[in-house]
>>> print(open('model.cif').read())   # mmCIF, C-alpha atoms
data_input
#
loop_
_atom_site.group_PDB
_atom_site.id
_atom_site.type_symbol
_atom_site.label_atom_id
_atom_site.label_comp_id
_atom_site.auth_asym_id
_atom_site.auth_seq_id
_atom_site.Cartn_x
_atom_site.Cartn_y
_atom_site.Cartn_z
ATOM 1 C CA MET Q 1 75.728 148.541 130.718
ATOM 2 C CA ALA Q 2 72.986 146.314 132.166
ATOM 3 C CA TYR Q 3 71.961 143.157 130.340
ATOM 4 C CA ASN Q 4 68.696 141.237 130.707
ATOM 5 C CA GLU Q 5 70.112 137.914 129.635
ATOM 6 C CA TYR Q 6 73.503 136.210 129.530
ATOM 7 C CA LYS Q 7 74.909 133.337 127.535
ATOM 8 C CA VAL Q 8 78.272 131.607 127.842
ATOM 9 C CA ILE Q 9 80.000 130.040 124.852
ATOM 10 C CA THR Q 10 83.312 128.203 124.576
ATOM 11 C CA VAL Q 11 85.788 128.174 121.703
ATOM 12 C CA VAL Q 12 88.593 125.615 122.015
ATOM 13 C CA GLU Q 13 91.930 125.301 120.244
ATOM 14 C CA SER Q 14 92.437 122.687 117.554
ATOM 15 C CA GLY Q 15 92.603 119.102 118.856
ATOM 16 C CA VAL Q 16 94.849 117.898 116.024
ATOM 17 C CA GLY Q 17 97.562 120.433 116.824
ATOM 18 C CA THR Q 18 97.313 119.646 120.525
ATOM 19 C CA ILE Q 19 97.772 115.902 119.968
ATOM 20 C CA PHE Q 20 100.632 116.152 117.453
ATOM 21 C CA LEU Q 21 102.483 119.203 118.749
ATOM 22 C CA GLY Q 22 101.247 119.683 122.301
ATOM 23 C CA ALA Q 23 99.697 123.067 121.566
ATOM 24 C CA SER Q 24 97.730 124.858 118.915
ATOM 25 C CA GLY Q 25 96.170 128.201 118.118
ATOM 26 C CA ILE Q 26 92.606 129.277 118.794
ATOM 27 C CA PRO Q 27 90.662 128.863 115.513
ATOM 28 C CA THR Q 28 90.005 132.544 114.928
ATOM 29 C CA ASP Q 29 87.890 132.048 111.778
ATOM 30 C CA LYS Q 30 85.533 129.720 113.633
ATOM 31 C CA MET Q 31 85.472 132.051 116.617
ATOM 32 C CA GLU Q 32 84.680 134.973 114.350
ATOM 33 C CA ALA Q 33 81.858 133.070 112.628
ATOM 34 C CA ARG Q 34 80.427 132.075 116.010
ATOM 35 C CA LEU Q 35 80.551 135.629 117.341
ATOM 36 C CA ASN Q 36 78.975 136.998 114.156
ATOM 37 C CA MET Q 37 76.247 134.373 114.460
ATOM 38 C CA GLU Q 38 75.519 135.462 118.032
ATOM 39 C CA ALA Q 39 75.728 139.156 117.086
ATOM 40 C CA ALA Q 40 73.033 138.579 114.439
ATOM 41 C CA GLU Q 41 70.741 137.593 117.313
ATOM 42 C CA GLY Q 42 71.616 140.697 119.292
ATOM 43 C CA TRP Q 43 74.279 139.298 121.647
ATOM 44 C CA GLN Q 44 77.288 141.368 122.683
ATOM 45 C CA VAL Q 45 80.539 140.233 124.259
ATOM 46 C CA VAL Q 46 80.574 141.121 127.946
ATOM 47 C CA PHE Q 47 83.894 139.540 128.909
ATOM 48 C CA GLN Q 48 86.075 136.547 128.119
ATOM 49 C CA ILE Q 49 88.590 134.365 129.919
ATOM 50 C CA VAL Q 50 91.092 131.750 128.767
ATOM 51 C CA GLU Q 51 90.942 128.380 130.476
ATOM 52 C CA ALA Q 52 93.148 125.268 130.223
ATOM 53 C CA LYS Q 53 90.870 122.288 129.640
ATOM 54 C CA ARG Q 54 91.762 118.629 129.923
ATOM 55 C CA PHE Q 55 91.584 116.919 126.543
ATOM 56 C CA LEU Q 56 91.422 113.153 125.942
ATOM 57 C CA LEU Q 57 93.010 112.218 129.265
ATOM 58 C CA PHE Q 58 96.640 113.111 128.431
ATOM 59 C CA TRP Q 59 96.484 116.522 126.810
ATOM 60 C CA THR Q 60 95.503 120.004 127.853
ATOM 61 C CA ARG Q 61 94.195 122.598 125.478
ATOM 62 C CA GLU Q 62 93.194 126.188 125.829
ATOM 63 C CA ALA Q 63 89.633 127.354 125.550
ATOM 64 C CA ILE Q 64 88.187 130.839 125.461
ATOM 65 C CA ILE Q 65 85.060 131.168 127.534
ATOM 66 C CA ILE Q 66 83.053 134.091 126.258
ATOM 67 C CA THR Q 67 80.163 135.603 128.156
ATOM 68 C CA LEU Q 68 77.579 137.315 125.988
ATOM 69 C CA GLY Q 69 74.779 139.576 127.061
ATOM 70 C CA ARG Q 70 71.742 141.271 125.544
ATOM 71 C CA MET Z 1 98.044 123.972 91.554
ATOM 72 C CA TRP Z 2 97.827 127.595 90.562
ATOM 73 C CA ILE Z 3 99.456 130.249 92.727
ATOM 74 C CA LEU Z 4 96.938 132.040 94.905
ATOM 75 C CA LYS Z 5 97.417 135.777 95.135
ATOM 76 C CA GLN Z 6 97.048 136.968 98.702
ATOM 77 C CA GLU Z 7 95.582 140.351 97.698
ATOM 78 C CA GLU Z 8 92.852 138.679 95.623
ATOM 79 C CA VAL Z 9 91.894 136.274 98.405
ATOM 80 C CA LEU Z 10 91.736 139.088 100.966
ATOM 81 C CA GLN Z 11 89.728 141.255 98.581
ATOM 82 C CA ARG Z 12 87.176 138.465 98.052
ATOM 83 C CA ASP Z 13 86.927 138.050 101.810
ATOM 84 C CA LYS Z 14 86.366 141.795 102.236
ATOM 85 C CA THR Z 15 83.666 141.913 99.549
ATOM 86 C CA LEU Z 16 81.930 138.873 100.988
ATOM 87 C CA ARG Z 17 81.893 140.429 104.464
ATOM 88 C CA LYS Z 18 80.297 143.545 103.009
ATOM 89 C CA ARG Z 19 77.604 141.508 101.245
ATOM 90 C CA VAL Z 20 76.859 139.449 104.356
ATOM 91 C CA GLY Z 21 76.680 142.631 106.432
ATOM 92 C CA GLU Z 22 73.886 143.845 104.162
ATOM 93 C CA LEU Z 23 71.722 140.782 104.888
ATOM 94 C CA SER Z 24 68.868 140.821 107.387
ATOM 95 C CA SER Z 25 69.570 139.520 110.916
ATOM 96 C CA ASP Z 26 67.834 136.196 110.236
ATOM 97 C CA LYS Z 27 69.785 135.557 107.070
ATOM 98 C CA ARG Z 28 73.042 136.663 108.669
ATOM 99 C CA PHE Z 29 72.413 134.261 111.559
ATOM 100 C CA GLU Z 30 71.713 131.453 109.093
ATOM 101 C CA PHE Z 31 74.840 132.321 107.095
ATOM 102 C CA TYR Z 32 77.198 132.298 110.077
ATOM 103 C CA LYS Z 33 75.546 129.224 111.593
ATOM 104 C CA ARG Z 34 76.221 127.237 108.436
ATOM 105 C CA ALA Z 35 79.663 128.796 107.952
ATOM 106 C CA ASN Z 36 80.676 127.949 111.524
ATOM 107 C CA SER Z 37 80.200 124.238 110.922
ATOM 108 C CA LYS Z 38 81.967 124.162 107.552
ATOM 109 C CA ILE Z 39 84.947 126.501 107.654
ATOM 110 C CA LYS Z 40 88.392 125.017 108.228
ATOM 111 C CA ASP Z 41 91.216 125.994 110.538
ATOM 112 C CA PRO Z 42 94.585 126.898 108.905
ATOM 113 C CA ASP Z 43 96.443 125.689 111.996
ATOM 114 C CA THR Z 44 94.953 122.198 111.690
ATOM 115 C CA TYR Z 45 95.756 122.190 107.962
ATOM 116 C CA ALA Z 46 99.384 123.095 108.695
ATOM 117 C CA VAL Z 47 99.721 120.446 111.414
ATOM 118 C CA LEU Z 48 98.359 117.756 109.095
ATOM 119 C CA ASN Z 49 100.783 118.957 106.428
ATOM 120 C CA TYR Z 50 103.741 118.159 108.722
ATOM 121 C CA ILE Z 51 103.184 114.502 107.820
ATOM 122 C CA ILE Z 52 104.037 115.451 104.269
ATOM 123 C CA ILE Z 53 104.046 112.061 102.553
ATOM 124 C CA ALA Z 54 100.593 111.130 103.917
ATOM 125 C CA GLY Z 55 98.769 114.100 102.340
ATOM 126 C CA LEU Z 56 96.290 114.287 105.219
ATOM 127 C CA HIS Z 57 95.845 118.034 104.769
ATOM 128 C CA HIS Z 58 94.329 117.446 101.306
ATOM 129 C CA PHE Z 59 91.710 115.144 102.830
ATOM 130 C CA TYR Z 60 91.002 117.799 105.482
ATOM 131 C CA LEU Z 61 89.968 120.225 102.712
ATOM 132 C CA GLY Z 62 88.018 117.517 100.880
ATOM 133 C CA LYS Z 63 90.565 117.225 98.041
ATOM 134 C CA TRP Z 64 90.466 113.434 97.900
ATOM 135 C CA MET Z 65 92.092 113.046 94.488
ATOM 136 C CA LEU Z 66 95.045 115.236 95.443
ATOM 137 C CA GLY Z 67 95.453 113.338 98.720
ATOM 138 C CA LEU Z 68 95.392 109.955 97.009
ATOM 139 C CA LEU Z 69 97.840 111.220 94.369
ATOM 140 C CA ASN Z 70 100.139 112.399 97.150
ATOM 141 C CA ILE Z 71 100.082 108.971 98.828
ATOM 142 C CA ALA Z 72 100.554 107.164 95.502
ATOM 143 C CA ILE Z 73 103.601 109.231 94.486
ATOM 144 C CA SER Z 74 105.166 109.007 97.956
ATOM 145 C CA THR Z 75 104.623 105.240 98.099
ATOM 146 C CA ALA Z 76 105.952 104.786 94.555
ATOM 147 C CA GLY Z 77 109.032 106.833 95.428
ATOM 148 C CA ILE Z 78 109.741 104.786 98.579
ATOM 149 C CA ILE Z 79 109.202 101.469 96.743
ATOM 150 C CA MET Z 80 111.554 102.549 93.915
ATOM 151 C CA PHE Z 81 114.157 103.558 96.476
ATOM 152 C CA VAL Z 82 113.919 100.164 98.221
ATOM 153 C CA LEU Z 83 114.071 98.289 94.897
ATOM 154 C CA GLY Z 84 117.318 100.011 93.935
ATOM 155 C CA GLU Z 85 116.017 102.835 91.730
ATOM 156 C CA GLN Z 86 117.525 105.450 94.054
ATOM 157 C CA ILE Z 87 117.582 108.336 91.590
ATOM 158 C CA LEU Z 88 113.977 107.922 90.445
ATOM 159 C CA GLY Z 89 112.785 107.252 94.002
ATOM 160 C CA THR Z 90 114.576 110.355 95.270
ATOM 161 C CA LEU Z 91 113.050 112.440 92.477
ATOM 162 C CA PHE Z 92 109.536 111.289 93.357
ATOM 163 C CA VAL Z 93 109.942 111.974 97.080
ATOM 164 C CA ALA Z 94 111.757 115.278 96.455
ATOM 165 C CA GLY Z 95 108.927 116.350 94.134
ATOM 166 C CA ILE Z 96 106.333 115.650 96.823
ATOM 167 C CA LEU Z 97 108.428 117.412 99.468
ATOM 168 C CA THR Z 98 108.841 120.526 97.307
ATOM 169 C CA PHE Z 99 105.138 120.718 96.457
ATOM 170 C CA GLU Z 100 103.969 120.073 100.001
ATOM 171 C CA LEU Z 101 106.452 122.445 101.638
ATOM 172 C CA HIS Z 102 105.110 125.151 99.352
ATOM 173 C CA GLN Z 103 101.599 124.244 100.537
ATOM 174 C CA LEU Z 104 102.763 124.358 104.154
ATOM 175 C CA PHE Z 105 104.238 127.857 103.872
ATOM 176 C CA ARG Z 106 101.055 129.096 102.207
ATOM 177 C CA SER Z 107 98.634 127.244 104.479
ATOM 178 C CA GLN Z 108 97.040 130.450 105.817
ATOM 179 C CA ILE Z 109 96.086 131.775 102.398
ATOM 180 C CA ILE Z 110 95.095 128.339 101.029
ATOM 181 C CA VAL Z 111 92.630 127.768 103.869
ATOM 182 C CA LYS Z 112 91.393 131.369 103.627
ATOM 183 C CA HIS Z 113 90.666 130.765 99.936
ATOM 184 C CA TYR Z 114 88.873 127.516 100.777
ATOM 185 C CA ASN Z 115 86.797 129.248 103.460
ATOM 186 C CA ASN Z 116 85.914 132.035 101.012
ATOM 187 C CA LYS Z 117 84.597 129.474 98.540
ATOM 188 C CA ILE Z 118 82.515 127.764 101.232
ATOM 189 C CA LYS Z 119 81.099 131.098 102.387
ATOM 190 C CA GLU Z 120 80.297 132.096 98.796
ATOM 191 C CA GLN Z 121 78.349 128.853 98.323
ATOM 192 C CA ILE Z 122 76.440 129.448 101.557
ATOM 193 C CA TYR Z 123 75.736 133.057 100.553
ATOM 194 C CA SER Z 124 74.433 131.939 97.143
ATOM 195 C CA SER Z 125 72.206 129.249 98.648
ATOM 196 C CA ILE Z 126 70.723 131.705 101.154
ATOM 197 C CA THR Z 127 70.199 134.694 98.855
ATOM 198 C CA GLY Z 128 69.934 132.987 95.463
ATOM 199 C CA ARG Z 129 72.510 135.342 93.967
ATOM 200 C CA GLU Z 130 76.272 135.511 93.549
ATOM 201 C CA PRO Z 131 78.232 137.618 96.045
ATOM 202 C CA TYR Z 132 80.263 139.400 93.339
#
>>> encode(input="model.cif", output="structure tokens")
Amino acid sequence: MAYNEYKVITVVESGVGTIFLGASGIPTDKMEARLNMEAAEGWQVVFQIVEAKRFLLFWTREAIIITLGR
Amino acid sequence: MWILKQEEVLQRDKTLRKRVGELSSDKRFEFYKRANSKIKDPDTYAVLNYIIIAGLHHFYLGKWMLGLLNIAISTAGIIMFVLGEQILGTLFVAGILTFELHQLFRSQIIVKHYNNKIKEQIYSSITGREPY
């Protein structure tokens, strides 16, 4: 499917869990709310990748980079 | 605290989703925009609950009184223990541990219930009517 416009959003895992335990889960409720918000404006998920991002110098946390199109 | 029933919480979530789905695109966008900034993450709640005697998870959900009560009872228990009232001190700390471990095991449903309440408030403020 061809899209006229793209938008990239990022959802990162919880910083508190990363600092205290070294890892955490992706906040699915927040991700869901964000995707629903974008869907209300006509965006659709095109693809997504998981990236390890540096966090506060010492930690690394995962982030989902989602590409949307409409 | 009362015992939350998982089926009830999930049912409220399901009904709320249905109501939000019936809104116009503009209102749905507004709803999820506001919800996105206010909803809480159960994982963060659980992590904060690991420091049981500090009650940080209560503050995370805005339950200041419960958090302060948690700190007060924990501190009182530790002070009693140090001052030689071992039995009373142990009872205080054991009481906090029991209550907070229960909260920890039910963190998913507790935060889901909290998020439902937040979403219901947002829904009411946007539409001017109750979701149920």
>>> closest_atom_pairs(input="model.cif", of="chain Z", to="chain Q", cutoff="7 Å", atoms="only C-alpha atoms", output="tab-separated table")
residue	atom	partner	partner_atom	distance
Z:Ser25	CA	Q:Ala40	CA	5.0
Z:Arg28	CA	Q:Ala40	CA	6.1
Z:Phe29	CA	Q:Met37	CA	4.8
Z:Tyr32	CA	Q:Met37	CA	4.9
Z:Lys33	CA	Q:Met37	CA	5.9
Z:Ala35	CA	Q:Ala33	CA	6.7
Z:Asn36	CA	Q:Ala33	CA	5.4
Z:Ile39	CA	Q:Lys30	CA	6.8
Z:Asp41	CA	Q:Pro27	CA	5.8
Z:Asp43	CA	Q:Gly25	CA	6.6
Z:Thr44	CA	Q:Gly17	CA	6.0
Z:Val47	CA	Q:Gly17	CA	5.8
>>> resolve_selection(input="model.cif", expression="the PyMOL selection byres ((chain Z and resi 56-73) around 12)", output="NGL selection string")
(:Q and (16)) or (:Z and (1 or 38-55 or 74-80 or 88-101 or 103-104 or 107 or 110-115 or 117-118))
>>> write_last_selection(input="model.cif", atoms="C-alpha atoms", output="CSV table (one decimal), in the coordinates of the input")
chain,number,residue,atom,x,y,z
Q,16,VAL,CA,94.8,117.9,116.0
Z,1,MET,CA,98.0,124.0,91.6
Z,38,LYS,CA,82.0,124.2,107.6
Z,39,ILE,CA,84.9,126.5,107.7
Z,40,LYS,CA,88.4,125.0,108.2
Z,41,ASP,CA,91.2,126.0,110.5
Z,42,PRO,CA,94.6,126.9,108.9
Z,43,ASP,CA,96.4,125.7,112.0
Z,44,THR,CA,95.0,122.2,111.7
Z,45,TYR,CA,95.8,122.2,108.0
Z,46,ALA,CA,99.4,123.1,108.7
Z,47,VAL,CA,99.7,120.4,111.4
Z,48,LEU,CA,98.4,117.8,109.1
Z,49,ASN,CA,100.8,119.0,106.4
Z,50,TYR,CA,103.7,118.2,108.7
Z,51,ILE,CA,103.2,114.5,107.8
Z,52,ILE,CA,104.0,115.5,104.3
Z,53,ILE,CA,104.0,112.1,102.6
Z,54,ALA,CA,100.6,111.1,103.9
Z,55,GLY,CA,98.8,114.1,102.3
Z,74,SER,CA,105.2,109.0,98.0
Z,75,THR,CA,104.6,105.2,98.1
Z,76,ALA,CA,106.0,104.8,94.6
Z,77,GLY,CA,109.0,106.8,95.4
Z,78,ILE,CA,109.7,104.8,98.6
Z,79,ILE,CA,109.2,101.5,96.7
Z,80,MET,CA,111.6,102.5,93.9
Z,88,LEU,CA,114.0,107.9,90.4
Z,89,GLY,CA,112.8,107.3,94.0
Z,90,THR,CA,114.6,110.4,95.3
Z,91,LEU,CA,113.0,112.4,92.5
Z,92,PHE,CA,109.5,111.3,93.4
Z,93,VAL,CA,109.9,112.0,97.1
Z,94,ALA,CA,111.8,115.3,96.5
Z,95,GLY,CA,108.9,116.4,94.1
Z,96,ILE,CA,106.3,115.6,96.8
Z,97,LEU,CA,108.4,117.4,99.5
Z,98,THR,CA,108.8,120.5,97.3
Z,99,PHE,CA,105.1,120.7,96.5
Z,100,GLU,CA,104.0,120.1,100.0
Z,101,LEU,CA,106.5,122.4,101.6
Z,103,GLN,CA,101.6,124.2,100.5
Z,104,LEU,CA,102.8,124.4,104.2
Z,107,SER,CA,98.6,127.2,104.5
Z,110,ILE,CA,95.1,128.3,101.0
Z,111,VAL,CA,92.6,127.8,103.9
Z,112,LYS,CA,91.4,131.4,103.6
Z,113,HIS,CA,90.7,130.8,99.9
Z,114,TYR,CA,88.9,127.5,100.8
Z,115,ASN,CA,86.8,129.2,103.5
Z,117,LYS,CA,84.6,129.5,98.5
Z,118,ILE,CA,82.5,127.8,101.2
>>> atom_distance(input="model.cif", atom1="CA of Lys53 in chain Q", atom2="CA of Gly22 in chain Q")
13.0 Å
>>> residues_around(input="model.cif", residues="range 15-20 of chain Z", least_positions_apart="2", cutoff="10 Å", atoms="all atoms listed in the file", output="list of chain:residue names")
Z:Leu10, Z:Gln11, Z:Arg12, Z:Asp13, Z:Glu22, Z:Leu23, Z:Ser24, Z:Ser25, Z:Lys27, Z:Arg28, Z:Phe29, Z:Phe31, Z:Tyr32, Z:Asn116, Z:Lys119, Z:Glu120, Z:Tyr123, Z:Thr127, Z:Glu130, Z:Pro131, Z:Tyr132
>>> resolve_selection(input="model.cif", expression="the PyMOL selection byres ((chain Q and resi 69) around 12)", output="ChimeraX atom specification")
/Q:1-9,35,38-39,41-48,66-68,70
>>> residues_near_point(input="model.cif", point="(89.8, 124.0, 126.2)", cutoff="7 Å", atoms="only C-alpha atoms", output="list of chain:residue names")
Q:Val12, Q:Glu13, Q:Glu51, Q:Ala52, Q:Lys53, Q:Arg54, Q:Arg61, Q:Glu62, Q:Ala63
>>> atom_distance(input="model.cif", atom1="CA of Trp59 in chain Q", atom2="CA of Ile109 in chain Z")
28.8 Å
>>> closest_residue(input="model.cif", among="Z:Glu30, Z:Gln121, Z:Ile3, Z:Ser37", to="His102 in chain Z", atoms="only C-alpha atoms")
Z:Ile3
>>> atom_distance(input="model.cif", atom1="CA of Lys14 in chain Z", atom2="CA of Arg34 in chain Z")
18.8 Å
>>> build_atoms(input="model.cif", residues="range 9-35 of chain Q", atoms="N, CA, C and O atoms", output="mmCIF file, in the coordinates of the input")
data_model
loop_
_atom_site.group_PDB
_atom_site.id
_atom_site.type_symbol
_atom_site.label_atom_id
_atom_site.label_comp_id
_atom_site.auth_asym_id
_atom_site.auth_seq_id
_atom_site.Cartn_x
_atom_site.Cartn_y
_atom_site.Cartn_z
ATOM 1 N N ILE Q 9 79.577 130.965 125.916
ATOM 2 C CA ILE Q 9 80.000 130.040 124.852
ATOM 3 C C ILE Q 9 81.495 129.739 125.022
ATOM 4 O O ILE Q 9 82.229 130.503 125.644
ATOM 5 N N THR Q 10 81.907 128.618 124.470
ATOM 6 C CA THR Q 10 83.312 128.203 124.576
ATOM 7 C C THR Q 10 83.887 127.950 123.191
ATOM 8 O O THR Q 10 83.254 127.301 122.371
ATOM 9 N N VAL Q 11 85.072 128.467 122.949
ATOM 10 C CA VAL Q 11 85.788 128.174 121.703
ATOM 11 C C VAL Q 11 87.115 127.539 122.096
ATOM 12 O O VAL Q 11 87.879 128.124 122.861
ATOM 13 N N VAL Q 12 87.376 126.325 121.604
ATOM 14 C CA VAL Q 12 88.593 125.615 122.015
ATOM 15 C C VAL Q 12 89.621 125.564 120.879
ATOM 16 O O VAL Q 12 89.268 125.663 119.708
ATOM 17 N N GLU Q 13 90.869 125.406 121.251
ATOM 18 C CA GLU Q 13 91.930 125.301 120.244
ATOM 19 C C GLU Q 13 91.851 123.961 119.528
ATOM 20 O O GLU Q 13 91.214 123.023 120.025
ATOM 21 N N SER Q 14 92.505 123.876 118.399
ATOM 22 C CA SER Q 14 92.437 122.687 117.554
ATOM 23 C C SER Q 14 92.967 121.437 118.262
ATOM 24 O O SER Q 14 94.052 121.456 118.845
ATOM 25 N N GLY Q 15 92.189 120.349 118.209
ATOM 26 C CA GLY Q 15 92.603 119.102 118.856
ATOM 27 C C GLY Q 15 93.753 118.419 118.130
ATOM 28 O O GLY Q 15 94.621 117.813 118.761
ATOM 29 N N VAL Q 16 93.787 118.549 116.816
ATOM 30 C CA VAL Q 16 94.849 117.898 116.024
ATOM 31 C C VAL Q 16 96.221 118.463 116.400
ATOM 32 O O VAL Q 16 97.179 117.728 116.630
ATOM 33 N N GLY Q 17 96.300 119.785 116.455
ATOM 34 C CA GLY Q 17 97.562 120.433 116.824
ATOM 35 C C GLY Q 17 97.980 120.086 118.235
ATOM 36 O O GLY Q 17 99.166 119.893 118.515
ATOM 37 N N THR Q 18 97.013 119.982 119.121
ATOM 38 C CA THR Q 18 97.313 119.646 120.525
ATOM 39 C C THR Q 18 97.894 118.240 120.622
ATOM 40 O O THR Q 18 98.877 118.011 121.327
ATOM 41 N N ILE Q 19 97.306 117.295 119.898
ATOM 42 C CA ILE Q 19 97.772 115.902 119.968
ATOM 43 C C ILE Q 19 99.160 115.751 119.340
ATOM 44 O O ILE Q 19 100.056 115.144 119.924
ATOM 45 N N PHE Q 20 99.355 116.334 118.160
ATOM 46 C CA PHE Q 20 100.632 116.152 117.453
ATOM 47 C C PHE Q 20 101.759 117.035 117.986
ATOM 48 O O PHE Q 20 102.907 116.628 118.021
ATOM 49 N N LEU Q 21 101.423 118.264 118.378
ATOM 50 C CA LEU Q 21 102.483 119.203 118.749
ATOM 51 C C LEU Q 21 102.415 119.671 120.205
ATOM 52 O O LEU Q 21 103.280 120.393 120.662
ATOM 53 N N GLY Q 22 101.360 119.293 120.896
ATOM 54 C CA GLY Q 22 101.247 119.683 122.301
ATOM 55 C C GLY Q 22 100.532 120.999 122.509
ATOM 56 O O GLY Q 22 100.122 121.319 123.619
ATOM 57 N N ALA Q 23 100.393 121.787 121.448
ATOM 58 C CA ALA Q 23 99.697 123.067 121.566
ATOM 59 C C ALA Q 23 99.213 123.489 120.186
ATOM 60 O O ALA Q 23 99.697 123.003 119.176
ATOM 61 N N SER Q 24 98.263 124.387 120.185
ATOM 62 C CA SER Q 24 97.730 124.858 118.915
ATOM 63 C C SER Q 24 97.168 126.255 119.104
ATOM 64 O O SER Q 24 97.148 126.765 120.220
ATOM 65 N N GLY Q 25 96.734 126.854 118.016
ATOM 66 C CA GLY Q 25 96.170 128.201 118.118
ATOM 67 C C GLY Q 25 94.656 128.134 118.219
ATOM 68 O O GLY Q 25 94.035 127.162 117.806
ATOM 69 N N ILE Q 26 94.073 129.179 118.769
ATOM 70 C CA ILE Q 26 92.606 129.277 118.794
ATOM 71 C C ILE Q 26 92.134 129.468 117.344
ATOM 72 O O ILE Q 26 92.697 130.287 116.615
ATOM 73 N N PRO Q 27 91.140 128.707 116.901
ATOM 74 C CA PRO Q 27 90.662 128.863 115.513
ATOM 75 C C PRO Q 27 89.884 130.171 115.342
ATOM 76 O O PRO Q 27 88.680 130.229 115.586
ATOM 77 N N THR Q 28 90.598 131.192 114.949
ATOM 78 C CA THR Q 28 90.005 132.544 114.928
ATOM 79 C C THR Q 28 88.857 132.665 113.913
ATOM 80 O O THR Q 28 87.898 133.393 114.162
ATOM 81 N N ASP Q 29 88.978 131.966 112.773
ATOM 82 C CA ASP Q 29 87.890 132.048 111.778
ATOM 83 C C ASP Q 29 86.592 131.477 112.338
ATOM 84 O O ASP Q 29 85.515 132.040 112.158
ATOM 85 N N LYS Q 30 86.717 130.348 113.029
ATOM 86 C CA LYS Q 30 85.533 129.720 113.633
ATOM 87 C C LYS Q 30 84.980 130.602 114.750
ATOM 88 O O LYS Q 30 83.775 130.749 114.907
ATOM 89 N N MET Q 31 85.894 131.181 115.522
ATOM 90 C CA MET Q 31 85.472 132.051 116.617
ATOM 91 C C MET Q 31 84.744 133.284 116.069
ATOM 92 O O MET Q 31 83.718 133.704 116.594
ATOM 93 N N GLU Q 32 85.285 133.804 114.986
ATOM 94 C CA GLU Q 32 84.680 134.973 114.350
ATOM 95 C C GLU Q 32 83.278 134.648 113.820
ATOM 96 O O GLU Q 32 82.328 135.409 114.026
ATOM 97 N N ALA Q 33 83.170 133.486 113.156
ATOM 98 C CA ALA Q 33 81.858 133.070 112.628
ATOM 99 C C ALA Q 33 80.852 132.893 113.759
ATOM 100 O O ALA Q 33 79.695 133.288 113.652
ATOM 101 N N ARG Q 34 81.318 132.308 114.861
ATOM 102 C CA ARG Q 34 80.427 132.075 116.010
ATOM 103 C C ARG Q 34 79.962 133.396 116.612
ATOM 104 O O ARG Q 34 78.783 133.582 116.910
ATOM 105 N N LEU Q 35 80.909 134.333 116.756
ATOM 106 C CA LEU Q 35 80.551 135.629 117.341
ATOM 107 C C LEU Q 35 79.610 136.406 116.418
ATOM 108 O O LEU Q 35 78.668 137.052 116.879
#
